[in-house]
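Trainee: Could you have a look at this structure, given as structure tokens, before my questions?
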Amino acid sequence: MSQEQRMKKRKKKRRIRLYIIAFVFVYLIFRSVPSLFAAGSKTKTPERSAVEDKISTEAIIVRKEYVYEADGQGKVKLLQKEGERIPVGTKIAELTLLDNTSTLKQKLTELDDKIATLTKTEAENKPIKNDKKKVEENIDNIINDIQLNISQGDYEQAEILKDKLSIYSDKKGDISNDNNLINQSLDSLRKQREQIVNQINNHFVNYFAKESGIVSYKIDGYEDVYSFNNIEECRYSDFKEQTNKQKIISNNDKVKSSEPIFKVINNFEWYMIIKIEDVKDIDTYEEADSIFLTGKDIDGELKGRIKKINVDNGKGLIVCKFDRDFEYYYDKRHIDVDIVKYRYDGYKISSESVVELNGVKGVYIKDISGIIKFRPIKILKEDDEFTYISIGDKNNNINIEGKDKPVRTVAQFDEILLNTKKAEEGMLVD
């Protein structure tokens with residue numbers, strides 16, 4: 001073989017080696033692209049979080065409220081602190097009257113009418129105390145007279161007859177007891193009359209609590225509008241927009257006749273009327289169920305019981321009863337609330353990390369060996385920024401539709417890929 005042929009042969013072998021090296025180099029470059037992508041991907045572990053499904057709405061607080069009004073024009077002196085819990089008989093306020101005693105005189109006239117009626121009843125009762133038939137006739141006559149006065153709008157006379165009726169009612173078995181009742185009623189009325197006469201003469205009125213509860217000088221004008229007595233009859237249409245017309249009575253304020261001075265609120269039992277825009281949101285609730293409320297106007301979490309659910313053309317109201325934490329709400333009327341429908345433990349992950357593979361939603365994670373793997377997830381709640389997912393059972397398994405057996409989901413320390421645009425299962429992460 002000539003030297004020239006040997007040179008050509010060497011050059012040919014050299015080119016072949018270069019081709020092989022170039023091919024291997026290019027192959028390695030293409031093979032390493034997924035790893036290069038994965039190496040540049042950011043990851044984040046899931047964050048443990050309580051997941052809640054809430055209905056944000058508004059509510060009206062309804063209480064047993066007893067409003068005390070001024071018996072005339074005058075200057076009021078307040079003797080108890082705002083929000084203080086007081087027993088029956090506690091002296092709450094004093095009113096120094098400024099000449100006008102017309103309201104007291106009206107009360108005196110009403111008392112005189114009652115005393116005259118009971119005195120007459122006492123006289124009528126003596127000759128018939130053993131005549132049950134006569135007593136029954138008197139009861140029937142009084143009832144008829146009450147109905148007649150109500151139909152004619154004479155409510156004052158109807159009220160007097162009610163007192164007279166109470167003397168006869170349920171006493172047909174032992175008529176002799178009636179005289180005792182009459183005497184007790186007369187004694188009480190005469191004492192009240194004496195007090196009012198003294199108040200008129202001295203231009204001075206004392207106010208005592210007729211019930212126990214919390215005393216408040218904040219009068220918002222809705223005490224009768226949202227009455228405890230008709231709370232179960234409330235409808236969605238009754239939920240009206242409120243205006244802020246709260247008035248606070250201060251010490252030494254001048255008040256007009258019949259103007260509210262203070263109120264005593266029963267603190268053992270109170271209610272909320274909760275507005276529901278779509279009754280489908282509360283289709284899992286039934287009367288007597290427990291209900292949990294949170295929100296900016298709620299102190300922590302408030303637990304109550306559903307007393308009534310009223311539905312009106314797809315909208316409705318929930319009437320809830322409460323028996324605790326009243327001190328936080330005694331002076332509030334209209335508040336914003338969140339109804340907590342359910343609460344679960346879950347994980348909070350970035351919404352951008354959620355992908356779909358073969359019809360199943362999940363995330364890509366980097367396992368301990370650096371390989372990208374797909375983990376299915378069960379979404380509990382999601383928004384634009386975060387998605388809340390189930391933690392699964394104690395082995396981090398969840399049930400997926402179409403799968404016969406539970407499958408592994410995200411665990412607490414899994415590293416979840418945030419950039420999933422070019423991620424694929426099996427990619428290697430350095």
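Residue names in the structure tokens use chain letters A, B, ... in the order shown, residue numbers from 1 in each chain, and ligand numbers from 1 in the order shown.
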Neighbours of region 354-357 of chain A within 9 Å (only C-alpha atoms; same-chain residues fewer than 4 positions away dropped), as a list in words?
Mentor: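 Selected residues are Ile349, Ser350, Lys361, Gly362, Val363, Tyr364, Phe374, Pro376, Ile377, Thr387, Leu418 and Thr420 of chain A.
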Trainee: One decimal, Å: what's the distance from CA of Arg63 (chain A) over to CA of Leu293 (chain A), could you say?
Mentor: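 Pair CA of Arg63 (chain A) / CA of Leu293 (chain A) returns 17.9 Å.
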Trainee: Contacts of region 238-247 of chain A at 12 Å or less, counting only C-alpha atoms, minus same-chain residues fewer than 4 places along, as a ChimeraX atom specification?
Mentor: /A:58-61,216-223,225-226,230-234,253,255,259-262,272-277,310,312,315-318,331-335
Trainee: Nearest to Thr284 (chain A) among A:Glu47, A:Lys394, A:Gly213, A:Lys341, with distances taken over only C-alpha atoms: which residue is it?
Mentor: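 Closest residue, counting only C-alpha atoms: A:Lys341.
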Trainee: Would you mind telling me which residue in A:Lys422, A:Lys381, A:Lys256, A:Lys114 lies nearest to Lys75 (chain A) when using only C-alpha atoms?
Mentor: A:Lys256
Trainee: Pick from A:Phe413, A:Tyr285, A:Tyr329, A:Phe208: nearest to Thr45 (chain A), with only C-alpha atoms counted?
Mentor: A:Phe413
Trainee: Which residue, A:Ser257, A:Thr43, A:Phe292, A:Gln195, has the smallest gap to Gly370 (chain A) when you use only C-alpha atoms?
Mentor: A:Thr43
Trainee: Give me the residues near Tyr271 (chain A) as a list in words, where near means some atom within 8 Å (using only C-alpha atoms) and where sequence neighbours in that chain fewer than 3 positions away do not count.
Mentor: Ile61, Val62, Arg63, Val319, Cys320, Lys321 and Phe322 of chain A
Trainee: Just the residues within 12 Å of Lys373 (chain A), please, counting only C-alpha atoms, with nothing from its chain fewer than 2 positions along; format it as a list in words.
Mentor: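 Contacts, with the query itself left out: Ala38, Leu357, Gly362, Val363, Tyr364, Ile365, Lys366, Asp367, Ile368, Ser369, Gly370, Ile371, Arg375, Pro376, Arg408, Thr409, Val410, Asp414, Glu415, Ile416, Leu417, Thr420, Ala423, Glu424, Glu425, Gly426, Met427, Leu428 and Val429 of chain A.
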Trainee: List as a list of chain:residue names the protein and nucleic acid residues near Lys263 (chain A), meaning an atom at most 7 Å away when only C-alpha atoms are counted, but skip any in the same chain fewer than 6 places from it.
Mentor: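 Neighbouring residues, sequence-local ones excluded: A:Glu65, A:Tyr66, A:Val67, A:Tyr68, A:Val215, A:Ser216, A:Tyr217.
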Trainee: Keeping C-alpha atoms, export the residues of the selection given above as a CSV table (one decimal), in the first residue's frame.
Mentor:
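The file below, out-v7.csv, is the result:
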```
chain,number,residue,atom,x,y,z
A,65,GLU,CA,-85.8,44.2,75.8
A,66,TYR,CA,-87.8,46.1,78.4
A,67,VAL,CA,-87.8,49.9,77.7
A,68,TYR,CA,-88.6,52.3,80.5
A,215,VAL,CA,-79.0,47.7,81.9
A,216,SER,CA,-78.4,49.9,78.8
A,217,TYR,CA,-78.9,53.6,78.1
```
Trainee: Return the single residue from A:Tyr388, A:Phe228, A:Tyr342, A:Tyr347 that is closest to Asp53 (chain A), with distances computed using only C-alpha atoms.
Mentor: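 Of all the options, A:Tyr342 lies closest to Asp53 (chain A).
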Trainee: Please identify all polymer residues within 6 Å of Glu287 (chain A), counting only C-alpha atoms, omitting same-chain residues fewer than 2 positions from it, and present them as a list in words.
Mentor: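 My reading of the contact set: Asp289, Ile306, Lys307 and Lys308 of chain A.
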Trainee: Could you save the residues just selected, with N, CA and C atoms, as a short mmCIF file (atom, residue, chain, number, x, y, z; two decimals), in the first residue's frame?
Mentor:
```
data_model
loop_
_atom_site.label_atom_id
_atom_site.label_comp_id
_atom_site.auth_asym_id
_atom_site.auth_seq_id
_atom_site.Cartn_x
_atom_site.Cartn_y
_atom_site.Cartn_z
N ASP A 289 -80.60 22.11 64.29
CA ASP A 289 -79.17 21.89 64.05
C ASP A 289 -78.34 22.98 64.72
N ILE A 306 -80.32 26.42 65.48
CA ILE A 306 -81.34 26.91 64.55
C ILE A 306 -82.73 26.65 65.11
N LYS A 307 -83.48 27.72 65.29
CA LYS A 307 -84.85 27.60 65.82
C LYS A 307 -85.88 27.55 64.70
N LYS A 308 -85.61 28.30 63.61
CA LYS A 308 -86.59 28.36 62.52
C LYS A 308 -85.87 28.70 61.21
#
```
Trainee: Name the residues of region 145-328 of chain A that come out as strand (DSSP E or B) in a backbone DSSP run; write them as a PyMOL selection string.
Mentor: chain A and resi 204-208+213-216+218-219+247-248+254-255+260-276+290-294+302-312+315-322
Trainee: Please produce a file of the residues just selected, as an mmCIF file, in the first residue's frame, where the atoms kept are C-alpha atoms.
Mentor:
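The resulting file, result.cif, is reproduced below:
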```
data_model
loop_
_atom_site.group_PDB
_atom_site.id
_atom_site.type_symbol
_atom_site.label_atom_id
_atom_site.label_comp_id
_atom_site.auth_asym_id
_atom_site.auth_seq_id
_atom_site.Cartn_x
_atom_site.Cartn_y
_atom_site.Cartn_z
ATOM 1 C CA PHE A 204 -89.636 63.252 91.751
ATOM 2 C CA VAL A 205 -89.856 59.738 90.204
ATOM 3 C CA ASN A 206 -87.775 56.647 90.985
ATOM 4 C CA TYR A 207 -87.302 53.827 88.467
ATOM 5 C CA PHE A 208 -86.672 50.252 89.580
ATOM 6 C CA GLY A 213 -80.720 41.526 83.109
ATOM 7 C CA ILE A 214 -78.251 43.990 81.617
ATOM 8 C CA VAL A 215 -79.013 47.695 81.883
ATOM 9 C CA SER A 216 -78.363 49.879 78.844
ATOM 10 C CA LYS A 218 -78.393 52.976 74.319
ATOM 11 C CA ILE A 219 -81.789 53.142 72.621
ATOM 12 C CA LYS A 247 -79.586 57.583 71.066
ATOM 13 C CA ILE A 248 -77.457 57.365 74.205
ATOM 14 C CA LYS A 254 -83.201 66.439 79.976
ATOM 15 C CA VAL A 255 -85.900 64.118 78.672
ATOM 16 C CA PRO A 260 -87.078 56.253 76.659
ATOM 17 C CA ILE A 261 -84.633 56.555 79.561
ATOM 18 C CA PHE A 262 -83.091 53.087 79.717
ATOM 19 C CA LYS A 263 -83.783 49.443 78.984
ATOM 20 C CA VAL A 264 -83.177 46.161 80.758
ATOM 21 C CA ILE A 265 -82.160 43.255 78.507
ATOM 22 C CA ASN A 266 -82.559 39.561 79.277
ATOM 23 C CA ASN A 267 -79.041 38.153 78.999
ATOM 24 C CA PHE A 268 -79.882 34.453 79.232
ATOM 25 C CA GLU A 269 -81.574 34.081 75.849
ATOM 26 C CA TRP A 270 -81.089 36.054 72.645
ATOM 27 C CA TYR A 271 -81.467 35.557 68.904
ATOM 28 C CA MET A 272 -80.187 36.437 65.456
ATOM 29 C CA ILE A 273 -82.167 36.716 62.240
ATOM 30 C CA ILE A 274 -79.681 35.776 59.487
ATOM 31 C CA LYS A 275 -80.332 36.821 55.899
ATOM 32 C CA ILE A 276 -79.963 34.118 53.217
ATOM 33 C CA SER A 290 -76.141 23.637 65.515
ATOM 34 C CA ILE A 291 -74.729 26.605 63.602
ATOM 35 C CA PHE A 292 -71.297 28.242 63.834
ATOM 36 C CA LEU A 293 -70.667 31.904 63.057
ATOM 37 C CA THR A 294 -67.471 33.891 62.563
ATOM 38 C CA LEU A 302 -70.137 31.777 68.131
ATOM 39 C CA LYS A 303 -72.193 28.607 68.424
ATOM 40 C CA GLY A 304 -75.982 28.667 68.311
ATOM 41 C CA ARG A 305 -78.957 26.505 67.470
ATOM 42 C CA ILE A 306 -81.341 26.911 64.547
ATOM 43 C CA LYS A 307 -84.845 27.604 65.820
ATOM 44 C CA LYS A 308 -86.589 28.364 62.518
ATOM 45 C CA ILE A 309 -85.856 28.430 58.769
ATOM 46 C CA ASN A 310 -88.236 30.554 56.713
ATOM 47 C CA VAL A 311 -88.128 30.367 52.894
ATOM 48 C CA ASP A 312 -89.578 32.973 50.544
ATOM 49 C CA LYS A 315 -84.513 33.458 49.613
ATOM 50 C CA GLY A 316 -84.877 33.053 53.338
ATOM 51 C CA LEU A 317 -84.019 33.678 56.947
ATOM 52 C CA ILE A 318 -82.452 31.556 59.637
ATOM 53 C CA VAL A 319 -83.594 32.295 63.185
ATOM 54 C CA CYS A 320 -80.850 31.230 65.611
ATOM 55 C CA LYS A 321 -80.965 31.020 69.385
ATOM 56 C CA PHE A 322 -77.947 31.700 71.628
#
```
Trainee: Report the distance between CA of Gly83 (chain A) and CA of Glu301 (chain A) in Å, rounded to one decimal place.
Mentor: 21.6 Å
Trainee: Looking at only C-alpha atoms, which of A:Gly314, A:Ile249, A:Glu84, A:Gly392 is the one that sits closest to Tyr344 (chain A)?
Mentor: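 The answer is A:Gly392, which sits nearest to Tyr344 (chain A).
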